[in-house]
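Right, one structure below, let's go through it.
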Amino acid sequence: MLVRAWLLIATALFVSAGHVRGGTYITVDYPFGSSTRATGISGNHIIGQSADPNGWTFPFLYDGATYMVLRPWGSSAYKYVTGVSGDNVVGGGNDMRHSFLYDGSTYVTIDYPGSSATTCMGVSGNNFVGGYFDASHVSHGFVYDGTDYQTVDPPGATSTTAKAVSGNNVVGDYLGDRFHGFLYDGSNYTTISGPSSDAQTYAAAVSGGNVVGWYSCWDYDLEKTVVHGFLVNGSSFQTLDPPGSQGTYPTGVSGNNVVGHYQDANGVEHGFLHNGSGYTTLDFPGSTHTEALAVDGNSVVGGYTDASGVGHGFLYIDAELTPGDANFDGAVNRTDAAILAAHWLQQTGATWLQGDFNGDRAVNDLDLAILAVHWGRGASGAAVPEPGVLALLAGMGLARLARKRLTGQA
Ligand SMILES: [Ca+2]
Ligand SMILES: [Ca+2]
């Protein structure tokens, strides 16, 4: 029954929202999960992994309204998701032999032809990238456009993995004389190397021409190997180290927004957001450990550990959320009304993403009133709901209340 329950649309997601310095933190926990991490975001689609109380991990997708477990071909062997772009989600299994694409309706195998193992690491539109082992167990990068597979091996590489893609720009790293990052634009390779001759360099993410990753090198002051973040665009190489960092790992980039995590002098992990000019430390309120993993626009996802040692996913919006905007797309409209309706009169465990806008974990007329007051915000259309929305609310016996709130009638 438990397994069956996971396959159903989730109805009990625990979320709490906190407003900090103009940003908003929301917990993202898959229901029935004992530990959750959010690992990717595209628009209002969030992907991540959760574990059941028995320790079995499974990937999930939040599609802007509901949660679902990703269970390719009914198999529980697929444990993680690595990328999301629109409706497309990619991931794989612990044995790394096969990867999958979920396109919003069906599952598709992503296996480099003739490979002994394929790991899809990233997606952008209909371009998919990753790494595969050939019959001789040599590792190569690949890009797949939905029709053809192409090997991605920079000159001099003895082992390559493609990690991320943005449009036609593919990034990853390869082993030559040492580890280097690379950018492949579909015809030319550019090597990315840290600024010292001993640097081992790894690329992690790309957005347009912005490439982020990290490099390790010996620090003569600290007398140890230290990891620094980087942001590369063309010939510009910028080291990224949040103040106090003794190890920086950028993992996501969207436009000029770079996110990742860093270790302070006490070994505590913090998330960070670099917006092109300054750093914001991302520590989920009350957490002992926070790591940001991915960013899309001003929406950041990651994981944190609470004071009890339990792992949670989180969503951080680098702005004040509009009350009533359940799916955080900036507009308060019928989509949000439908989400609220779907969870109408839920008594416990409700979250912002389910229509609990006042944080009392219940969805009721208090939340409807908030939705009504902010109706039409962020939208170009009229602030009066269409008849369809009124019909939706009428199904809950709410039309009269909503009409009063929305039109200001007494
Ligand atoms: Ca919305
Ligand atoms: Ca509420």
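Each chain in the structure tokens gets a letter, A, B, ..., in the order shown, and its residues are numbered from 1; ligands are numbered from 1 in order too.
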In range 103-337 of chain A, DSSP strand (DSSP E) residues written as a VMD selection string: chain A and resid 107 to 110 117 to 124 127 to 133 139 to 144 149 to 152 159 to 166 169 to 175 179 to 184 189 to 192 200 to 207 210 to 219 224 to 233 236 to 240 248 to 254 257 to 263 269 to 274 279 to 282 289 to 296 299 to 305 311 to 317
Polymer residues at most 7 Å from range 246-260 of chain A, only C-alpha atoms, same-chain spacing of 2 or more positions, as a PyMOL selection string: chain A and resi 204-207+212-214+226-229+241+244+262-265+271-276+291-297
Given 8 Å and only C-alpha atoms and all ligand atoms, residues near ligand 1 as number ranges by chain: A: 324-336
At most 7 Å from ligand 2 (only C-alpha atoms and all ligand atoms): residue list as a list in words: Asp356, Phe357, Asn358, Gly359, Asp360, Arg361, Ala362, Val363, Asn364, Leu366 and Asp367 of chain A
Neighbour list for Thr158 in chain A as a list in words, cut-off 9 Å, only C-alpha atoms, skip fewer than 5 positions in-chain: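 These residues fall inside the cut-off: Val138, Ser139, His140, Asp153, Tyr174, Leu175 and Gly176 of chain A.
What separates CA of Ala199 in chain A from CA of Asn168 in chain A is a distance of 27.1 Å.
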Could you build a table of the residues in range 54-170 of chain A lying no more than 9 Å from range 36-39 of chain A, giving for each the nearest pair of atoms and their separation in Å rounded to one decimal place, using only C-alpha atoms, ordered by chain and ascending residue number, as a Markdown table?
| residue | atom | partner | partner_atom | distance |
| --- | --- | --- | --- | --- |
| A:Val81 | CA | A:Thr39 | CA | 7.7 |
| A:Thr82 | CA | A:Thr39 | CA | 7.4 |
| A:Gly83 | CA | A:Thr39 | CA | 8.0 |
Go ahead and save the picked residues with C-alpha atoms, as a PDB file, in the first residue's frame.
ATOM      1  CA  VAL A  81      17.381  12.661 -11.246  1.00  0.00           C
ATOM      2  CA  THR A  82      20.151  14.783 -12.726  1.00  0.00           C
ATOM      3  CA  GLY A  83      18.436  17.431 -14.803  1.00  0.00           C
TER       4      GLY A  83
END
